[in-house]
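K.L.:
What follows is run-v4.cif, mmCIF, C-alpha atoms.
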data_data
loop_
_atom_site.label_atom_id
_atom_site.label_comp_id
_atom_site.auth_asym_id
_atom_site.auth_seq_id
_atom_site.Cartn_x
_atom_site.Cartn_y
_atom_site.Cartn_z
CA MET A 8 0.00 0.00 0.00
CA ALA A 9 1.49 3.33 -1.06
CA SER A 10 1.61 6.07 1.51
CA THR A 11 2.73 9.65 1.76
CA ILE A 12 3.78 11.02 5.10
CA ASN A 13 3.45 14.73 5.65
CA ALA A 14 4.32 15.15 9.27
CA SER A 15 3.37 18.49 10.74
CA SER A 16 3.62 19.10 14.44
CA THR A 17 1.80 22.09 15.82
CA ALA A 18 1.53 23.82 19.12
CA ASN A 19 -1.57 21.85 20.02
CA GLY A 20 0.26 18.57 19.53
CA ILE A 21 -1.52 17.47 16.34
CA VAL A 22 0.67 15.36 14.06
CA SER A 23 -0.05 13.71 10.74
CA THR A 24 1.85 10.51 10.31
CA ALA A 25 1.58 6.98 9.00
CA ASP A 26 2.60 3.67 10.49
CA ALA A 27 4.72 1.05 8.77
CA SER A 28 1.69 -0.30 6.93
CA GLY A 29 0.91 3.05 5.40
CA ILE A 30 -2.24 3.75 7.41
CA LEU A 31 -2.60 7.48 7.79
CA LYS A 32 -2.96 8.60 11.38
CA VAL A 33 -3.78 12.08 12.52
CA GLN A 34 -2.67 12.13 16.11
CA SER A 35 -3.29 14.56 18.90
CA ASN A 36 -0.84 14.09 21.74
CA GLY A 37 -0.26 10.49 20.67
CA VAL A 38 -3.91 9.56 20.24
CA THR A 39 -5.12 8.71 16.74
CA THR A 40 -8.21 10.74 15.96
CA ASN A 41 -9.08 9.71 12.42
CA ALA A 42 -10.78 6.56 11.16
CA VAL A 43 -8.31 3.74 10.60
CA ALA A 44 -10.75 1.65 8.59
CA TRP A 45 -14.15 2.03 7.01
CA VAL A 46 -16.36 0.15 4.62
CA ASN A 47 -19.65 0.51 2.80
CA TRP A 48 -21.46 -2.50 1.37
CA GLY A 49 -24.88 -3.32 0.04
CA VAL A 50 -26.93 -6.52 0.10
CA SER A 51 -29.36 -7.44 -2.63
CA GLY A 52 -30.90 -10.85 -2.10
CA THR A 53 -27.85 -12.74 -0.97
CA THR A 54 -25.41 -10.82 -3.13
CA VAL A 55 -23.01 -8.66 -1.17
CA THR A 56 -21.41 -5.77 -3.04
CA VAL A 57 -18.66 -3.77 -1.43
CA ASN A 58 -19.05 -0.20 -2.65
CA ASN A 59 -16.09 1.44 -1.00
CA SER A 60 -13.56 0.73 1.67
CA TYR A 61 -10.36 1.68 3.41
CA ASN A 62 -8.10 -0.78 5.21
CA VAL A 63 -10.64 -3.57 4.71
CA THR A 64 -9.79 -6.64 2.64
CA SER A 65 -13.14 -8.36 2.67
CA VAL A 66 -16.66 -8.61 4.05
CA THR A 67 -17.85 -12.12 4.84
CA ARG A 68 -21.52 -13.03 4.98
CA VAL A 69 -21.71 -15.66 7.73
CA GLY A 70 -25.49 -15.84 7.84
CA THR A 71 -28.57 -13.72 7.45
CA GLY A 72 -27.77 -10.41 9.13
CA ASP A 73 -24.38 -11.74 10.23
CA TYR A 74 -21.25 -10.19 8.69
CA THR A 75 -17.54 -10.15 9.43
CA VAL A 76 -15.35 -7.24 8.39
CA ASN A 77 -11.71 -8.24 7.84
CA PHE A 78 -9.02 -5.57 8.10
CA THR A 79 -6.17 -5.20 5.64
CA ASN A 80 -3.74 -4.07 8.33
CA ALA A 81 -4.39 -5.20 11.87
CA MET A 82 -5.64 -2.73 14.43
CA PRO A 83 -3.12 -1.73 17.13
CA ASN A 84 -5.34 -3.50 19.66
CA ALA A 85 -8.89 -4.85 19.93
CA ASN A 86 -10.16 -1.90 21.94
CA TYR A 87 -11.27 0.05 18.92
CA VAL A 88 -14.54 1.86 18.43
CA VAL A 89 -17.07 0.77 15.82
CA SER A 90 -19.57 3.25 14.54
CA GLY A 91 -21.98 2.85 11.71
CA THR A 92 -25.44 2.66 10.37
CA CYS A 93 -27.55 0.51 8.14
CA GLN A 94 -30.52 1.06 5.89
CA THR A 95 -33.52 -1.13 5.31
CA THR A 96 -36.41 -1.04 2.92
CA VAL A 97 -38.74 -2.95 5.23
CA SER A 98 -41.18 -1.28 7.59
CA TYR A 99 -39.90 -2.63 10.89
CA ALA A 100 -37.07 -1.23 12.99
CA ILE A 101 -33.74 -3.01 12.98
CA ALA A 102 -30.80 -2.84 15.35
CA PHE A 103 -27.14 -3.16 14.52
CA GLY A 104 -24.25 -4.16 16.78
CA ILE A 105 -21.22 -6.28 17.50
CA LYS A 106 -22.17 -9.95 17.62
CA TYR A 107 -22.80 -11.35 21.08
CA ASN A 108 -20.18 -13.74 22.44
CA VAL A 109 -17.74 -12.80 19.66
CA ALA A 110 -15.18 -10.28 20.84
CA PRO A 111 -13.71 -7.99 18.20
CA THR A 112 -10.13 -8.90 17.29
CA THR A 113 -7.32 -6.88 15.81
CA THR A 114 -7.94 -8.49 12.43
CA SER A 115 -11.74 -8.68 12.18
CA CYS A 116 -15.05 -7.64 13.67
CA GLU A 117 -18.31 -9.61 13.40
CA LEU A 118 -21.62 -7.75 13.42
CA TYR A 119 -25.31 -8.55 13.64
CA THR A 120 -28.44 -6.86 12.35
CA PHE A 121 -31.75 -7.96 13.82
CA THR A 122 -35.34 -6.85 14.11
CA VAL A 123 -36.32 -4.91 17.21
CA THR A 124 -39.67 -6.70 17.50
CA THR A 125 -38.62 -10.35 17.24
CA ALA A 126 -34.82 -10.17 17.51
CA ALA A 127 -34.68 -12.29 14.36
CA LEU A 128 -31.56 -11.80 12.28
CA VAL A 129 -32.28 -9.82 9.16
CA ASP A 130 -30.26 -8.32 6.35
CA SER A 131 -29.98 -4.61 5.82
CA THR A 132 -29.81 -3.32 2.28
CA LEU A 133 -26.89 -0.98 2.96
CA TYR A 134 -24.21 -0.91 5.64
CA GLY A 135 -21.70 1.79 6.51
CA LEU A 136 -19.09 1.21 9.20
CA VAL A 137 -16.22 3.28 10.55
CA PHE A 138 -13.50 2.06 12.90
CA PHE A 139 -11.48 4.26 15.22
CA GLY A 140 -8.51 2.96 17.18
CA SER A 141 -5.27 4.09 18.68
CA MET B 5 -19.24 -12.18 -12.78
CA ALA B 6 -17.62 -11.53 -9.44
CA LYS B 7 -15.35 -13.95 -7.72
CA VAL B 8 -16.03 -14.78 -4.09
CA ILE B 9 -14.61 -17.18 -1.53
CA ILE B 10 -16.80 -19.77 0.14
CA TYR B 11 -16.31 -22.21 2.97
CA THR B 12 -18.28 -24.19 5.54
CA ASN B 13 -18.45 -22.11 8.70
CA GLN B 14 -18.66 -23.06 12.37
CA ASN B 15 -22.46 -23.10 12.20
CA GLY B 16 -22.38 -25.74 9.48
CA GLY B 17 -23.60 -23.19 6.95
CA VAL B 18 -21.77 -21.48 4.14
CA SER B 19 -19.83 -18.24 4.55
CA VAL B 20 -19.36 -16.07 1.49
CA CYS B 21 -16.32 -13.80 1.63
CA VAL B 22 -16.42 -10.82 -0.73
CA PRO B 23 -13.05 -9.14 -1.32
CA THR B 24 -12.97 -5.36 -1.44
CA GLY B 25 -10.24 -5.27 -4.06
CA GLU B 26 -7.59 -3.86 -1.74
CA LEU B 27 -5.69 -7.14 -2.03
CA PRO B 28 -5.76 -9.91 -4.66
CA ILE B 29 -8.44 -12.52 -3.98
CA GLU B 30 -5.77 -15.21 -3.63
CA THR B 31 -4.26 -13.19 -0.77
CA VAL B 32 -7.68 -12.72 0.82
CA LEU B 33 -8.22 -16.47 0.56
CA THR B 34 -5.23 -17.21 2.77
CA LYS B 35 -5.51 -14.14 4.98
CA ASP B 36 -9.25 -14.00 5.83
CA CYS B 37 -10.52 -17.53 5.25
CA PRO B 38 -9.91 -20.94 6.84
CA ALA B 39 -8.19 -23.86 5.16
CA GLY B 40 -10.43 -25.52 2.60
CA ALA B 41 -12.00 -22.28 1.41
CA ILE B 42 -12.38 -22.05 -2.35
CA ILE B 43 -12.74 -19.30 -4.93
CA ILE B 44 -15.84 -19.50 -7.11
CA ASP B 45 -17.88 -17.37 -9.47
CA ASP B 46 -20.79 -15.88 -7.52
CA SER B 47 -23.18 -16.74 -10.36
CA THR B 48 -22.86 -20.39 -9.33
CA LEU B 49 -24.40 -19.70 -5.91
CA PRO B 50 -28.08 -20.55 -5.34
CA GLN B 51 -30.43 -18.12 -7.04
CA GLY B 52 -34.11 -17.19 -6.83
CA ASP B 53 -36.05 -18.70 -3.93
CA ASP B 54 -33.04 -20.82 -2.98
CA ALA B 55 -31.14 -17.60 -2.35
CA LEU B 56 -33.71 -16.58 0.26
CA PHE B 57 -32.67 -19.48 2.47
CA PHE B 58 -29.02 -18.59 2.86
CA ASP B 59 -28.84 -20.04 6.36
CA ALA B 60 -29.72 -23.46 4.98
CA TRP B 61 -27.00 -23.47 2.35
CA LYS B 62 -24.62 -26.41 2.37
CA LEU B 63 -21.31 -26.77 0.59
CA ASN B 64 -20.80 -30.08 -1.14
CA GLY B 65 -17.41 -30.08 -2.80
CA THR B 66 -17.56 -26.98 -4.96
CA GLU B 67 -21.35 -26.81 -5.19
CA VAL B 68 -23.65 -24.91 -2.84
CA THR B 69 -27.17 -26.25 -2.43
CA VAL B 70 -30.09 -25.67 -0.08
CA ASP B 71 -30.68 -28.29 2.58
CA PHE B 72 -34.48 -28.24 2.45
CA PRO B 73 -35.27 -29.79 5.88
CA THR B 74 -32.99 -27.16 7.43
CA ALA B 75 -34.69 -24.40 5.45
CA GLN B 76 -38.07 -25.71 6.55
CA ALA B 77 -37.09 -25.81 10.23
CA GLN B 78 -35.52 -22.36 10.10
CA PHE B 79 -38.56 -20.89 8.39
CA LEU B 80 -40.85 -22.43 11.01
CA THR B 81 -38.77 -20.80 13.76
CA ARG B 82 -39.03 -17.47 11.97
CA TYR B 83 -42.76 -17.98 11.44
CA ASN B 84 -43.35 -18.75 15.11
CA ALA B 85 -41.37 -15.68 16.21
CA ALA B 86 -43.48 -13.53 13.92
CA ALA B 87 -46.62 -15.15 15.32
CA VAL B 88 -45.57 -14.34 18.87
CA ALA B 89 -44.87 -10.71 17.94
CA ALA B 90 -48.14 -10.39 16.06
CA GLY B 91 -50.04 -12.03 18.92
CA GLN B 92 -48.55 -9.55 21.37
CA THR B 93 -49.61 -6.68 19.16
CA ARG B 94 -53.13 -8.08 19.02
CA GLN B 95 -53.19 -8.42 22.80
CA ASN B 96 -51.89 -4.86 23.21
CA ASN B 97 -54.63 -3.67 20.89
CA THR B 98 -57.19 -5.40 23.08
CA TYR B 99 -55.79 -3.76 26.21
CA ALA B 100 -55.86 -0.39 24.46
CA GLY B 101 -59.44 -0.83 23.38
CA ILE B 102 -58.52 -1.16 19.72
CA SER B 103 -60.38 -3.81 17.76
CA ASN B 104 -58.37 -6.32 15.77
CA THR B 105 -59.56 -6.93 12.24
CA ASN B 106 -59.92 -10.67 12.66
CA SER B 107 -61.34 -12.53 15.65
CA ASP B 108 -58.90 -14.49 17.82
CA ALA B 109 -60.29 -17.75 16.48
CA ASP B 110 -59.92 -16.69 12.84
CA TRP B 111 -56.43 -15.35 13.44
CA GLN B 112 -55.30 -18.50 15.25
CA ALA B 113 -56.74 -20.66 12.48
CA LYS B 114 -54.84 -18.63 9.89
CA VAL B 115 -51.59 -19.00 11.84
CA ALA B 116 -52.18 -22.72 12.19
CA ALA B 117 -52.83 -22.99 8.46
CA GLY B 118 -49.49 -21.32 7.83
CA ARG B 119 -47.73 -23.84 10.04
CA ALA B 120 -49.42 -26.67 8.17
CA ALA B 121 -48.32 -25.15 4.88
CA ILE B 122 -44.73 -25.03 6.10
CA ALA B 123 -44.91 -28.67 7.12
CA SER B 124 -46.30 -29.74 3.76
CA ALA B 125 -44.02 -27.58 1.59
CA THR B 126 -41.56 -29.47 -0.55
CA THR B 127 -39.65 -26.64 -2.21
CA THR B 128 -38.13 -23.30 -1.26
CA ALA B 129 -40.65 -21.67 -3.60
CA GLY B 130 -43.40 -23.22 -1.50
CA LEU B 131 -41.90 -21.84 1.69
CA ALA B 132 -41.29 -18.41 0.15
CA ALA B 133 -44.98 -18.19 -0.77
CA ILE B 134 -46.08 -18.45 2.87
CA ALA B 135 -46.68 -15.06 4.46
CA LEU B 136 -45.48 -14.45 8.00
CA PRO B 137 -48.23 -13.80 10.55
CA GLN B 138 -49.43 -10.23 10.92
CA SER B 139 -51.39 -8.78 13.83
CA GLU B 140 -54.52 -8.14 11.70
#
Produce structure tokens that represent the structure in this file.
P.N.:
Amino acid sequence: MASTINASSTANGIVSTADASGILKVQSNGVTTNAVAWVNWGVSGTTVTVNNSYNVTSVTRVGTGDYTVNFTNAMPNANYVVSGTCQTTVSYAIAFGIKYNVAPTTTSCELYTFTVTTAALVDSTLYGLVFFGS
Amino acid sequence: MAKVIIYTNQNGGVSVCVPTGELPIETVLTKDCPAGAIIIDDSTLPQGDDALFFDAWKLNGTEVTVDFPTAQAQFLTRYNAAAVAAGQTRQNNTYAGISNTNSDADWQAKVAAGRAAIASATTTAGLAAIALPQSE
């Protein structure tokens, strides 16, 4: 992965840098503040189409509403933050979160989408996820 | 046609790994997937009604098929969950003084008919044609 490092330290301690893998990190006093991975994918029927990504090698459909995001370069640790949203064309509310009993790892994160009413796993039509870690 | 990676997962079902393009699929195969995973054309995966029963997919060699008894059992579980939710809505309506469209007896008969249809279905198309219970 090509990378360009334009380091610029300022009075407030903000530095732009990149690690050995080429992942850009904007750091404030040693804490990375920018997303270190993100991905957008859609589901039509059972076909998964990855629309855009950064630092993600693949999205694996494990089951209905059950997906694993695999990172290109491992996270510094497993204590990263996952933020995201999903869209559905159905009329009921759905919830989205990290899969129960499966801890996120430095190399992947498994997620669930399920209906609020019955807790049944269900596919969303569009997913967008962002990962922050330091 | 897109290339994907498939393998039998820990649930006994089929996982479908879709590369983002950041790395060659052969690299993704070894990096993100377990031993035994294979690269296939996604057009060879089950289509139509068979595609609706992803959780019942089974990998036999290089071919993915639907295990119908599994699909039937999974659909019954889904049907029953929907019946419970719909029944609760009907009960809440009663408590709130809102009339349900169908009587309890008619609604229960309709739900029972759906269960019977699931039991007698022989194809995924037959299962897909069965509507999940609504509160009505």
K.L.:
Residues of chain A within 7 Å of chain B, counting only C-alpha atoms - could you list those as a compact mmCIF listing (two decimals) with C-alpha atoms, keeping the file's coordinate frame?
P.N.:
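What follows is the written file out_1.txt:
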# COMPACT_ATOMS: atom_id res chain seq x y z
CA GLY A 52 -30.90 -10.85 -2.10
CA THR A 53 -27.85 -12.74 -0.97
CA VAL A 55 -23.01 -8.66 -1.17
CA VAL A 57 -18.66 -3.77 -1.43
CA SER A 60 -13.56 0.73 1.67
CA VAL A 63 -10.64 -3.57 4.71
CA THR A 64 -9.79 -6.64 2.64
CA SER A 65 -13.14 -8.36 2.67
CA VAL A 66 -16.66 -8.61 4.05
CA THR A 67 -17.85 -12.12 4.84
CA ARG A 68 -21.52 -13.03 4.98
CA VAL A 69 -21.71 -15.66 7.73
CA GLY A 70 -25.49 -15.84 7.84
CA THR A 71 -28.57 -13.72 7.45
CA ASN A 77 -11.71 -8.24 7.84
CA THR A 124 -39.67 -6.70 17.50
CA THR A 125 -38.62 -10.35 17.24
K.L.:
Quick one: distance from atom CA of B:Leu131 to atom CA of B:Asn97 in Å, one decimal?
P.N.:
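Interatomic distance here is 29.3 Å.
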K.L.:
Just so the selection is clear, what residues does the PyMOL selection byres ((chain A and resi 84) around 10) cover here, as a PDB file with C-alpha atoms, in the frame of the given file?
P.N.:
ATOM      1  CA  ALA A  81      -4.390  -5.200  11.870  1.00  0.00           C
ATOM      2  CA  MET A  82      -5.640  -2.730  14.430  1.00  0.00           C
ATOM      3  CA  PRO A  83      -3.120  -1.730  17.130  1.00  0.00           C
ATOM      4  CA  ALA A  85      -8.890  -4.850  19.930  1.00  0.00           C
ATOM      5  CA  ASN A  86     -10.160  -1.900  21.940  1.00  0.00           C
ATOM      6  CA  TYR A  87     -11.270   0.050  18.920  1.00  0.00           C
ATOM      7  CA  PRO A 111     -13.710  -7.990  18.200  1.00  0.00           C
ATOM      8  CA  THR A 112     -10.130  -8.900  17.290  1.00  0.00           C
ATOM      9  CA  THR A 113      -7.320  -6.880  15.810  1.00  0.00           C
ATOM     10  CA  THR A 114      -7.940  -8.490  12.430  1.00  0.00           C
ATOM     11  CA  GLY A 140      -8.510   2.960  17.180  1.00  0.00           C
ATOM     12  CA  SER A 141      -5.270   4.090  18.680  1.00  0.00           C
TER      13      SER A 141
END
K.L.:
Output the residue selection produced by the PyMOL selection byres ((chain B and resi 134) around 10) on the file above, formatted as a PyMOL selection string.
P.N.:
chain B and resi 79+83+117-119+121-122+125+129-133+135-137
K.L.:
What residues come out when you apply the PyMOL selection byres ((chain A and resi 48) around 7) to this file, written as number ranges by chain?
P.N.:
A: 46-47, 49-50, 55-58, 133-135
K.L.:
Could you work out how far atom CA of B:Glu140 lies from atom CA of A:Asp130, giving the answer in Å with one decimal?
P.N.:
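Here the two named atoms are 24.8 Å from each other.
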K.L.:
When you look at B:Thr105 with a cut-off of 12 Å (counting only C-alpha atoms), what residues show up, excluding the ones that are within fewer than 6 positions of it in the same chain? I need them as a PyMOL selection string.
P.N.:
chain B and resi 94+97-98+111+138-140
K.L.:
Closest to A:Ala102 among A:Val89, A:Thr79, A:Ala126, A:Cys116, using only C-alpha atoms?
P.N.:
A:Ala126
K.L.:
Taking into account all atoms listed in the file, which residue in the set A:Ser90, A:Ser131, A:Thr75, A:Thr96 is nearest to A:Trp45?
P.N.:
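With all atoms listed in the file as the atom set, the closest residue is A:Ser90.
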K.L.:
Mind pulling up the distance from atom CA of B:Lys7 to atom CA of B:Ile43?
P.N.:
6.6 Å
K.L.:
Calculated over only C-alpha atoms, which of the candidates B:Thr69, B:Ile44, B:Ser103, B:Gly91 has the smallest distance to B:Val115?
P.N.:
B:Gly91
K.L.:
Quick one: axis-aligned box around all listed atoms of stretch 94-105 of chain B, 3 Å on every side, centre and edge lengths in Å to one decimal, written as JSON.
P.N.:
{"center_x": -56.1, "center_y": -4.4, "center_z": 19.2, "size_x": 14.5, "size_y": 14.0, "size_z": 20.0}
